[in-house]
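K.L.:
Please find data09.txt (compact mmCIF, C-alpha atoms) on the next line:
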# COMPACT_ATOMS: atom_id res chain seq x y z
CA MET B 1 42.22 -46.50 -11.85
CA ARG B 2 42.28 -50.29 -11.59
CA ARG B 3 42.23 -50.52 -15.36
CA ILE B 4 45.30 -48.32 -15.75
CA PHE B 5 47.10 -50.28 -13.05
CA ALA B 6 46.23 -53.60 -14.76
CA ILE B 7 47.41 -52.36 -18.17
CA ALA B 8 50.67 -51.09 -16.68
CA LEU B 9 51.22 -54.41 -14.91
CA VAL B 10 50.65 -56.39 -18.14
CA ALA B 11 53.02 -54.11 -20.08
CA ILE B 12 55.76 -54.52 -17.45
CA ALA B 13 55.35 -58.31 -17.40
CA PHE B 14 55.43 -58.51 -21.22
CA THR B 15 58.56 -56.35 -21.42
CA ALA B 16 60.34 -58.40 -18.76
CA CYS B 17 59.51 -61.69 -20.55
CA LYS B 18 60.65 -60.29 -23.89
CA GLN B 19 63.98 -59.10 -22.44
CA SER B 20 64.52 -62.44 -20.70
CA ALA B 21 63.94 -64.43 -23.93
CA SER B 22 66.18 -62.08 -25.89
CA LYS B 23 68.94 -62.44 -23.32
CA LYS B 24 68.72 -66.25 -23.51
CA VAL B 25 69.13 -66.14 -27.30
CA GLU B 26 72.17 -63.85 -26.95
CA GLU B 27 73.71 -66.11 -24.30
CA LYS B 28 73.21 -69.17 -26.50
CA ALA B 29 74.82 -67.41 -29.48
CA ALA B 30 77.76 -66.40 -27.30
CA ALA B 31 78.20 -69.98 -26.07
CA VAL B 32 78.20 -71.35 -29.62
CA THR B 33 80.48 -68.74 -31.15
CA GLY B 34 82.68 -67.92 -28.20
CA THR B 35 82.05 -64.22 -28.82
CA THR B 36 79.66 -61.62 -27.54
CA PRO B 37 76.71 -61.16 -29.91
CA ALA B 38 76.74 -57.35 -29.83
CA VAL B 39 79.53 -56.40 -32.23
CA LEU B 40 80.31 -52.93 -33.51
CA ALA B 41 80.08 -52.56 -37.29
CA GLU B 42 83.82 -51.92 -37.61
CA ASP B 43 84.58 -55.12 -35.66
CA ALA B 44 82.13 -57.32 -37.56
CA PRO B 45 83.38 -60.08 -39.86
CA LYS B 46 84.12 -58.89 -43.39
CA VAL B 47 83.99 -61.44 -46.19
CA LYS B 48 86.30 -60.97 -49.16
CA PHE B 49 85.70 -63.39 -52.04
CA GLU B 50 88.50 -64.10 -54.53
CA LYS B 51 85.82 -64.15 -57.23
CA GLU B 52 82.10 -63.36 -57.01
CA ILE B 53 81.25 -64.34 -60.59
CA TYR B 54 82.29 -67.60 -62.21
CA ASP B 55 81.84 -67.85 -65.98
CA PHE B 56 81.65 -71.53 -66.90
CA GLY B 57 81.53 -70.75 -70.62
CA ALA B 58 79.47 -73.02 -72.89
CA ILE B 59 78.40 -76.49 -71.76
CA LYS B 60 76.10 -79.16 -73.15
CA GLN B 61 72.65 -79.61 -71.64
CA GLY B 62 72.80 -82.19 -68.84
CA GLU B 63 76.38 -81.38 -67.75
CA LYS B 64 77.13 -80.33 -64.18
CA VAL B 65 79.33 -77.39 -63.25
CA HIS B 66 81.26 -77.44 -59.95
CA PHE B 67 82.99 -74.36 -58.57
CA GLU B 68 84.49 -73.36 -55.23
CA PHE B 69 84.12 -69.72 -54.24
CA LYS B 70 87.08 -69.04 -51.94
CA PHE B 71 86.82 -66.31 -49.33
CA LYS B 72 88.66 -64.82 -46.39
CA ASN B 73 87.34 -63.30 -43.16
CA ASN B 74 89.03 -59.89 -43.06
CA GLY B 75 87.07 -58.80 -39.99
CA LYS B 76 87.92 -58.83 -36.29
CA THR B 77 85.38 -61.45 -35.14
CA PRO B 78 84.44 -64.97 -36.28
CA LEU B 79 82.29 -65.26 -39.41
CA ILE B 80 79.19 -67.41 -39.03
CA ILE B 81 77.41 -68.35 -42.24
CA THR B 82 73.80 -69.14 -41.43
CA ASP B 83 72.43 -69.91 -44.90
CA ALA B 84 73.23 -70.22 -48.59
CA THR B 85 70.30 -70.25 -51.00
CA ALA B 86 70.16 -70.52 -54.77
CA THR B 87 67.67 -69.04 -57.21
CA CYS B 88 66.48 -72.50 -58.27
CA GLY B 89 66.74 -76.17 -57.34
CA CYS B 90 69.27 -76.80 -60.10
CA THR B 91 71.98 -75.02 -58.08
CA LYS B 92 73.20 -76.49 -54.79
CA PRO B 93 75.49 -74.50 -52.46
CA GLU B 94 77.49 -76.00 -49.57
CA TYR B 95 78.96 -73.72 -46.91
CA PRO B 96 81.13 -74.20 -43.82
CA GLU B 97 79.14 -74.99 -40.68
CA ALA B 98 81.92 -73.99 -38.27
CA PRO B 99 82.77 -70.32 -37.64
CA VAL B 100 85.59 -68.92 -39.78
CA LYS B 101 88.02 -67.07 -37.52
CA PRO B 102 89.49 -63.66 -38.41
CA GLY B 103 92.25 -64.05 -41.01
CA GLU B 104 91.16 -67.59 -41.93
CA GLU B 105 89.87 -68.73 -45.31
CA GLY B 106 86.88 -70.83 -46.32
CA VAL B 107 85.13 -72.22 -49.36
CA ILE B 108 81.55 -72.22 -50.61
CA LYS B 109 81.06 -75.12 -53.02
CA VAL B 110 78.40 -74.67 -55.69
CA THR B 111 77.08 -77.26 -58.16
CA PHE B 112 74.87 -76.32 -61.11
CA ASP B 113 72.98 -79.09 -62.94
CA SER B 114 72.11 -77.96 -66.47
CA THR B 115 69.54 -80.72 -67.07
CA GLY B 116 66.45 -79.08 -68.58
CA LYS B 117 68.18 -75.70 -68.96
CA MET B 118 68.88 -73.92 -72.23
CA GLY B 119 70.56 -70.70 -73.31
CA MET B 120 72.29 -68.09 -71.17
CA GLN B 121 72.22 -68.78 -67.44
CA ASP B 122 72.91 -66.63 -64.38
CA LYS B 123 72.46 -68.65 -61.20
CA VAL B 124 72.64 -66.53 -58.04
CA VAL B 125 73.61 -67.91 -54.63
CA THR B 126 72.82 -65.63 -51.68
CA ILE B 127 75.04 -66.07 -48.63
CA THR B 128 73.57 -64.96 -45.29
CA SER B 129 75.95 -64.42 -42.38
CA ASN B 130 76.87 -62.18 -39.47
CA ALA B 131 79.25 -60.23 -41.72
CA ASN B 132 78.96 -56.56 -42.58
CA PRO B 133 77.11 -56.46 -44.97
CA GLU B 134 75.27 -59.62 -43.91
CA ALA B 135 74.34 -60.91 -47.39
CA ALA B 136 76.63 -61.58 -50.35
CA LYS B 137 75.65 -62.71 -53.84
CA LEU B 138 77.67 -65.14 -55.92
CA HIS B 139 76.98 -65.84 -59.61
CA LEU B 140 77.49 -68.81 -61.91
CA VAL B 141 77.08 -67.61 -65.49
CA GLY B 142 77.40 -69.28 -68.86
CA GLU B 143 75.55 -70.83 -71.76
CA VAL B 144 73.84 -74.20 -71.92
CA LYS B 145 73.72 -75.60 -75.46
CA GLU B 146 71.38 -78.23 -76.80
CA VAL B 147 72.77 -81.75 -77.20
CA LYS B 148 72.62 -82.83 -80.86
Please express what this file holds, its structure, as structure tokens.

P.N.:
Amino acid sequence: MRRIFAIALVAIAFTACKQSASKKVEEKAAAVTGTTPAVLAEDAPKVKFEKEIYDFGAIKQGEKVHFEFKFKNNGKTPLIITDATATCGCTKPEYPEAPVKPGEEGVIKVTFDSTGKMGMQDKVVTITSNANPEAAKLHLVGEVKEVK
């Protein structure tokens, strides 16, 4: 009987601690964003990019390509981009740190360095955010030609 009571007590304490920590995270997110963290799917931010694929054509090896992917938050709550990662170190994305309010526009700047690359390229940048869906993929495509 004592065993069952002890197990129940531990389970209750663990659940209470877990809920308390979760609530603190939600409160912090609300303080940073100015919104409540629990958002219905239809109210979530919706990102609409002007262009998701940029074809830079043919470039010489060693050249850098710069492109700005413009987007708009068509949702009902602020868009918070938490990360932008590229498929390799040759591609560097930059994203807005501040929340993008509903109806506002933003830019994700991407730079591709073709040094050491050759042939057809498709560099993918994955954007992680609180949007619905939460991840978007952007592509830089083109051909890198050998310098003669």

K.L.:
May I have the residues within 10 Å of B:Ala131 as a PyMOL selection string, using only C-alpha atoms and disregarding those fewer than 3 positions away in the same chain?

P.N.:
chain B and resi 41+43-47+73-75+77-81+127-128+134-136

K.L.:
So the first atom is atom CA of B:Pro96 and the second is atom CA of B:Glu143; what is the distance between them in Å, to one decimal place?

P.N.:
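We find that atom CA of B:Pro96 and atom CA of B:Glu143 lie 28.7 Å from each other.
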
K.L.:
Could you check how far atom CA of B:Leu40 sits from atom CA of B:Val124, in Å to one decimal?

P.N.:
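Between atom CA of B:Leu40 and atom CA of B:Val124 the gap works out to 29.1 Å.
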
K.L.:
Measuring between only C-alpha atoms, which one of B:Lys137, B:Phe112, B:Met120, B:Gly142 shows the shortest distance to B:Glu63?

P.N.:
B:Phe112

K.L.:
Tell me, in Å to one decimal, how far atom CA of B:Lys145 is from atom CA of B:Asp55.

P.N.:
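Distance between the two atoms: 14.7 Å.
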
K.L.:
Calculated over only C-alpha atoms, which of the candidates B:Leu138, B:Val110, B:Ile53, B:Ala58 has the smallest distance to B:Thr91?

P.N.:
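Closest to B:Thr91 of all the choices is B:Val110.
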
K.L.:
Which residues come within 7 Å of B:Phe69, counting only C-alpha atoms, excluding same-chain residues fewer than 2 positions away, as a PyMOL selection string?

P.N.:
chain B and resi 49+51+67+71+107-109

K.L.:
Select, from B:Lys60, B:Lys76, B:Lys92, B:Lys117, the residue with the minimum atom-to-atom distance to B:Asn130, counting all atoms listed in the file.

P.N.:
B:Lys76

K.L.:
So which one's closest to B:Gln121, B:Val100, B:Val147, B:Ala84, B:Ile59? Using only C-alpha atoms, please.

P.N.:
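The answer is B:Ile59, which sits nearest to B:Gln121.
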
K.L.:
Counting all atoms listed in the file, which residue out of B:Gly103, B:Pro93, B:Gly119, B:Gly57 sits closest to B:Glu146?

P.N.:
B:Gly119
